[in-house]
Each structure stands twice: as C-alpha cells, then as structure tokens.
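Asker: One structure is given below, represented as structure tokens, and several questions about it will come after.
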Amino acid sequence: DGGITQSPKYLFRKEGQNVTLSCEQNLNHDAMYWYRQDPGQGLRLIYYSQIVNDFQKGDIAEGYSVSREKKESFPLTVTSAQKNPTAFYLCASCTTTGGSNQPQHFGDGTRLSIL
Amino acid sequence: AQSVTQLDSHVSVSEGTPVLLRCNYSSSYSPSLFWYVQHPNKGLQLLLKYTSAATLVKGINGFEAEFKKSETSFHLTKPSAHMSDAAEYFCVVRFMNYGGSQGNLIFGKGTKLSVKP
C-alpha cells in the first residue's frame, strides 16, 4: 500500500544531543513537509521541500535541520539548539500537480520526549 | 491577513445526535478548504475537501461540509454521531499566493469531539 512511514514512533533525547526523525513516502509525491504539534496549538510548519535537493524554512525552523537527497525521503534533525523539543512531529507529502485542492497525506507521527 | 478559526475547542454530543463543528476563514483570495480527523497518537486523515464543483461536499464516514462564501465558513456536520467519531478535527485552508502559486496549509487549532453513550 502507498503511504508515509515515520520512524521511530517514540524517541527520547538527552541534553545536548541531536536526534533524527525519519520520513519515507512511496506515493511519488514531489512535496514533503514537517510539522510540529503541541496541545491546543494545531500544527505548525517547520520545513518543507517542493523538489529534491531544495527545501525552505517554515514558521518555526530554528533548532531544526532537514535534507532532501531523495524524492522518497525527508529526514528531520532536532538539534541541541532546540530548547523545547518535546512535541508530536508529523510528516506529510503532497503532489504538486492538479491544482491547489490537492490534500496533504500524513504519516502516523513521532513523539519526541526529553530524558 | 489570512487565517482560519475553529470556533469551538471542544464539542460534546450524545451518540445518535447531530454533530456541528464550526470553521471560519478570512482571506481576500479564494481558498482551498479541507477537514482532517486525528485519533490519539495518529496522523491526520482527510475527511473531505472543497473543490469548487459544489458547495456541499460529502466526505468519508457520513461527514459533510458546506462552503458559504458570503459567510466565509466551512462548517462540518454529521446527522448522527457514532462513538468512533470521538477524535480531534482540524479545519485546514490553503490560500493561493500572488501569481497563482500554491500556498502552504494553515491549520485551525482543532476541535475535540466527545461522544457520550
């Protein structure tokens, strides 16, 4: 089945440690997105990529980094500079053809906590 | 400024009664509109989307939404709630940017739906 796979489901970070969240899609979508979800705040955009080897900052990019070396993969690194990383992280993908009403498809998320 | 507002953070209904989740947007441009549902510790699942073909949009699991341009609203309804409908629901808007380029999504803060037996 086509879809988006996020791993791991749960992740713990120690002080001063960088951690990387994986996101893989087999939907052949050009665009991929990372969101952060905190209770009562909806989803906030961290980074997005419309094409391989290119990505842009979203609304809350500080303390995060990404890469897009392959169409299928868009890993997110939470660096030690992100002082409040505890959150639920969601990856999404979308086709860039067919107009503005194309929906984003979401993975099942990674819950990151501080040790 | 472009924004989307979900008017209720929490809605509680009894099983078998109607559901109404309210969403308003503000924009000078024609938006694309979506409703997503999220069950605990899961990703977001698309319920329905507004495509401009019809103002009343039918989605999965018996949900539907009506686009009212004059009221800038896109409320989600279901005639009869089921226990399995208990979840968080997000109204999501995409605005077209200048030059017709596709903008990013803007999410409402969500409405938690509780269903009592």
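Letters A, B, ... mark the chains of the structure tokens in the order given; residue numbers begin at 1 per chain; ligand numbers begin at 1, in order shown.
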Produce a table with one row for each residue of chain A that has an atom at most 9 Å from any atom of chain B, each row naming the nearest atom pair and its distance in Å at one decimal; use only C-alpha atoms; arrange rows by chain and rising residue number; format as a tab-separated table.

Answerer:
residue	atom	partner	partner_atom	distance
A:Pro39	CA	B:Lys109	CA	8.9
A:Gly40	CA	B:Lys109	CA	6.0
A:Gln41	CA	B:Lys109	CA	5.1
A:Gly42	CA	B:Lys109	CA	4.0
A:Leu43	CA	B:Phe107	CA	6.1
A:Arg44	CA	B:Phe107	CA	7.8
A:Leu45	CA	B:Leu105	CA	8.6
A:Phe88	CA	B:Asn41	CA	8.3
A:Leu90	CA	B:Gly43	CA	6.8
A:Cys91	CA	B:Gly43	CA	8.6
A:Thr96	CA	B:Gln102	CA	8.4
A:Gly99	CA	B:Gln102	CA	7.8
A:Ser100	CA	B:Gln102	CA	5.8
A:Asn101	CA	B:Ser32	CA	5.3
A:Gln102	CA	B:Lys49	CA	8.6
A:Pro103	CA	B:Leu46	CA	7.5
A:Gln104	CA	B:Leu46	CA	8.2
A:His105	CA	B:Gln45	CA	7.4
A:Phe106	CA	B:Gly43	CA	5.6
A:Gly107	CA	B:Gly43	CA	5.4
A:Asp108	CA	B:Gly43	CA	4.1
A:Gly109	CA	B:Gly43	CA	5.8
A:Thr110	CA	B:Asn41	CA	8.6
A:Arg111	CA	B:Asn41	CA	8.2

Asker: Taking 5 positions as the minimum chain separation for residues in the same chain, which residues sit within 7 Å of range 51-58 of chain A when counting only C-alpha atoms? Answer as a PyMOL selection string.

Answerer: chain A and resi 30-31+45-46+68-71

Asker: Identify, on the basis of only C-alpha atoms, every residue whose closest approach to Glu64 in chain B does not exceed 8 Å; exclude the query and any residue fewer than 2 positions from it along the same chain; express the result as number ranges by chain.

Answerer: B: 48, 56-59, 62, 66, 76-78

Asker: Which value, in Å to one decimal, gives the distance between CA of Lys116 in chain B and CA of Ser73 in chain B?

Answerer: 27.0 Å

Asker: Which polymer residues have any atom within 8 Å of an atom of Phe74 in chain B, counting only C-alpha atoms, with same-chain residues fewer than 5 positions away left out, as a list in words?

Answerer: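 So the residues in contact are Arg22, Cys23, Asn24, Leu33, Ala65, Glu66, Phe67 and Lys68 of chain B.
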
Asker: Can you pull out every residue within 10 Å of Pro79 in chain B, counting only C-alpha atoms, but drop anything in the same chain fewer than 6 positions away, and send it as a ChimeraX atom specification?

Answerer: /B:16-20,62-64

Asker: What is the CA of Ser49 in chain A to CA of Thr5 in chain A distance in Å?

Answerer: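 Separation between CA of Ser49 in chain A and CA of Thr5 in chain A: 16.9 Å.
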
Asker: One decimal, in Å: what's the spacing between CA of Thr72 in chain B and CA of Ala54 in chain B?

Answerer: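 Between CA of Thr72 in chain B and CA of Ala54 in chain B the gap is 15.3 Å.
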
Asker: Near Tyr64 in chain A, counting only C-alpha atoms, which residues have an atom at most 12 Å away, once you skip same-chain residues fewer than 3 positions from it, shown as a PyMOL selection string?

Answerer: chain A and resi 18-21+34-36+45-48+56-61+67+75-85+89

Asker: Mind checking DSSP for range 32-78 of chain B and telling me the strand (DSSP E or B) residues as a ChimeraX atom specification?

Answerer: /B:32-38,44-50,56-58,64-68,73-78

Asker: Output N, CA and C atoms for every residue in that selection, as a tab-separated table (two decimals), in the first residue's frame.

Answerer:
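Once written, selection_21.tsv looks like this:
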chain	number	residue	atom	x	y	z
B	32	SER	N	-8.63	26.96	-0.88
B	32	SER	CA	-8.97	25.55	-0.91
B	32	SER	C	-9.18	25.13	0.55
B	33	LEU	N	-10.20	24.33	0.77
B	33	LEU	CA	-10.62	24.01	2.14
B	33	LEU	C	-10.65	22.52	2.37
B	34	PHE	N	-10.20	22.11	3.55
B	34	PHE	CA	-10.14	20.70	3.90
B	34	PHE	C	-10.59	20.52	5.35
B	35	TRP	N	-11.11	19.33	5.65
B	35	TRP	CA	-11.29	18.88	7.02
B	35	TRP	C	-10.51	17.58	7.20
B	36	TYR	N	-9.74	17.53	8.30
B	36	TYR	CA	-9.00	16.33	8.66
B	36	TYR	C	-9.46	15.85	10.04
B	37	VAL	N	-9.30	14.55	10.29
B	37	VAL	CA	-9.57	13.99	11.62
B	37	VAL	C	-8.30	13.33	12.15
B	38	GLN	N	-8.10	13.46	13.47
B	38	GLN	CA	-6.93	12.85	14.10
B	38	GLN	C	-7.36	12.07	15.33
B	44	LEU	N	-2.96	12.72	10.65
B	44	LEU	CA	-4.22	13.31	10.21
B	44	LEU	C	-4.74	12.56	8.98
B	45	GLN	N	-6.06	12.29	9.01
B	45	GLN	CA	-6.70	11.60	7.89
B	45	GLN	C	-7.67	12.56	7.22
B	46	LEU	N	-7.63	12.64	5.90
B	46	LEU	CA	-8.51	13.55	5.17
B	46	LEU	C	-9.95	13.06	5.24
B	47	LEU	N	-10.85	13.96	5.69
B	47	LEU	CA	-12.28	13.67	5.71
B	47	LEU	C	-12.94	14.11	4.40
B	48	LEU	N	-12.63	15.33	3.98
B	48	LEU	CA	-13.23	15.87	2.76
B	48	LEU	C	-12.47	17.12	2.34
B	49	LYS	N	-12.71	17.53	1.08
B	49	LYS	CA	-12.10	18.75	0.59
B	49	LYS	C	-13.09	19.49	-0.31
B	50	TYR	N	-12.99	20.81	-0.31
B	50	TYR	CA	-13.83	21.65	-1.16
B	50	TYR	C	-13.10	21.86	-2.48
B	56	LEU	N	-21.77	21.93	-1.32
B	56	LEU	CA	-21.96	20.90	-0.30
B	56	LEU	C	-21.06	19.72	-0.66
B	57	VAL	N	-20.14	19.43	0.25
B	57	VAL	CA	-19.13	18.41	-0.01
B	57	VAL	C	-19.39	17.21	0.89
B	58	LYS	N	-19.42	16.04	0.31
B	58	LYS	CA	-19.59	14.82	1.10
B	58	LYS	C	-18.24	14.16	1.30
B	64	GLU	N	-20.14	15.69	6.14
B	64	GLU	CA	-20.23	16.60	5.01
B	64	GLU	C	-19.98	18.02	5.50
B	65	ALA	N	-19.66	18.89	4.56
B	65	ALA	CA	-19.39	20.29	4.89
B	65	ALA	C	-19.96	21.17	3.80
B	66	GLU	N	-20.39	22.36	4.22
B	66	GLU	CA	-20.97	23.30	3.27
B	66	GLU	C	-20.12	24.56	3.20
B	67	PHE	N	-19.70	24.91	2.00
B	67	PHE	CA	-18.93	26.13	1.78
B	67	PHE	C	-19.90	27.29	1.57
B	68	LYS	N	-19.79	28.32	2.41
B	68	LYS	CA	-20.62	29.52	2.27
B	68	LYS	C	-19.70	30.71	2.12
B	73	SER	N	-17.40	30.60	5.65
B	73	SER	CA	-17.47	29.47	6.58
B	73	SER	C	-17.40	28.15	5.83
B	74	PHE	N	-17.00	27.12	6.56
B	74	PHE	CA	-16.91	25.76	6.01
B	74	PHE	C	-17.15	24.80	7.17
B	75	HIS	N	-18.38	24.81	7.67
B	75	HIS	CA	-18.73	24.00	8.85
B	75	HIS	C	-18.88	22.53	8.50
B	76	LEU	N	-18.47	21.68	9.42
B	76	LEU	CA	-18.52	20.21	9.25
B	76	LEU	C	-19.73	19.67	10.01
B	77	THR	N	-20.49	18.79	9.38
B	77	THR	CA	-21.67	18.22	10.02
B	77	THR	C	-21.75	16.72	9.80
B	78	LYS	N	-22.52	16.09	10.70
B	78	LYS	CA	-22.85	14.68	10.53
B	78	LYS	C	-24.21	14.48	11.18
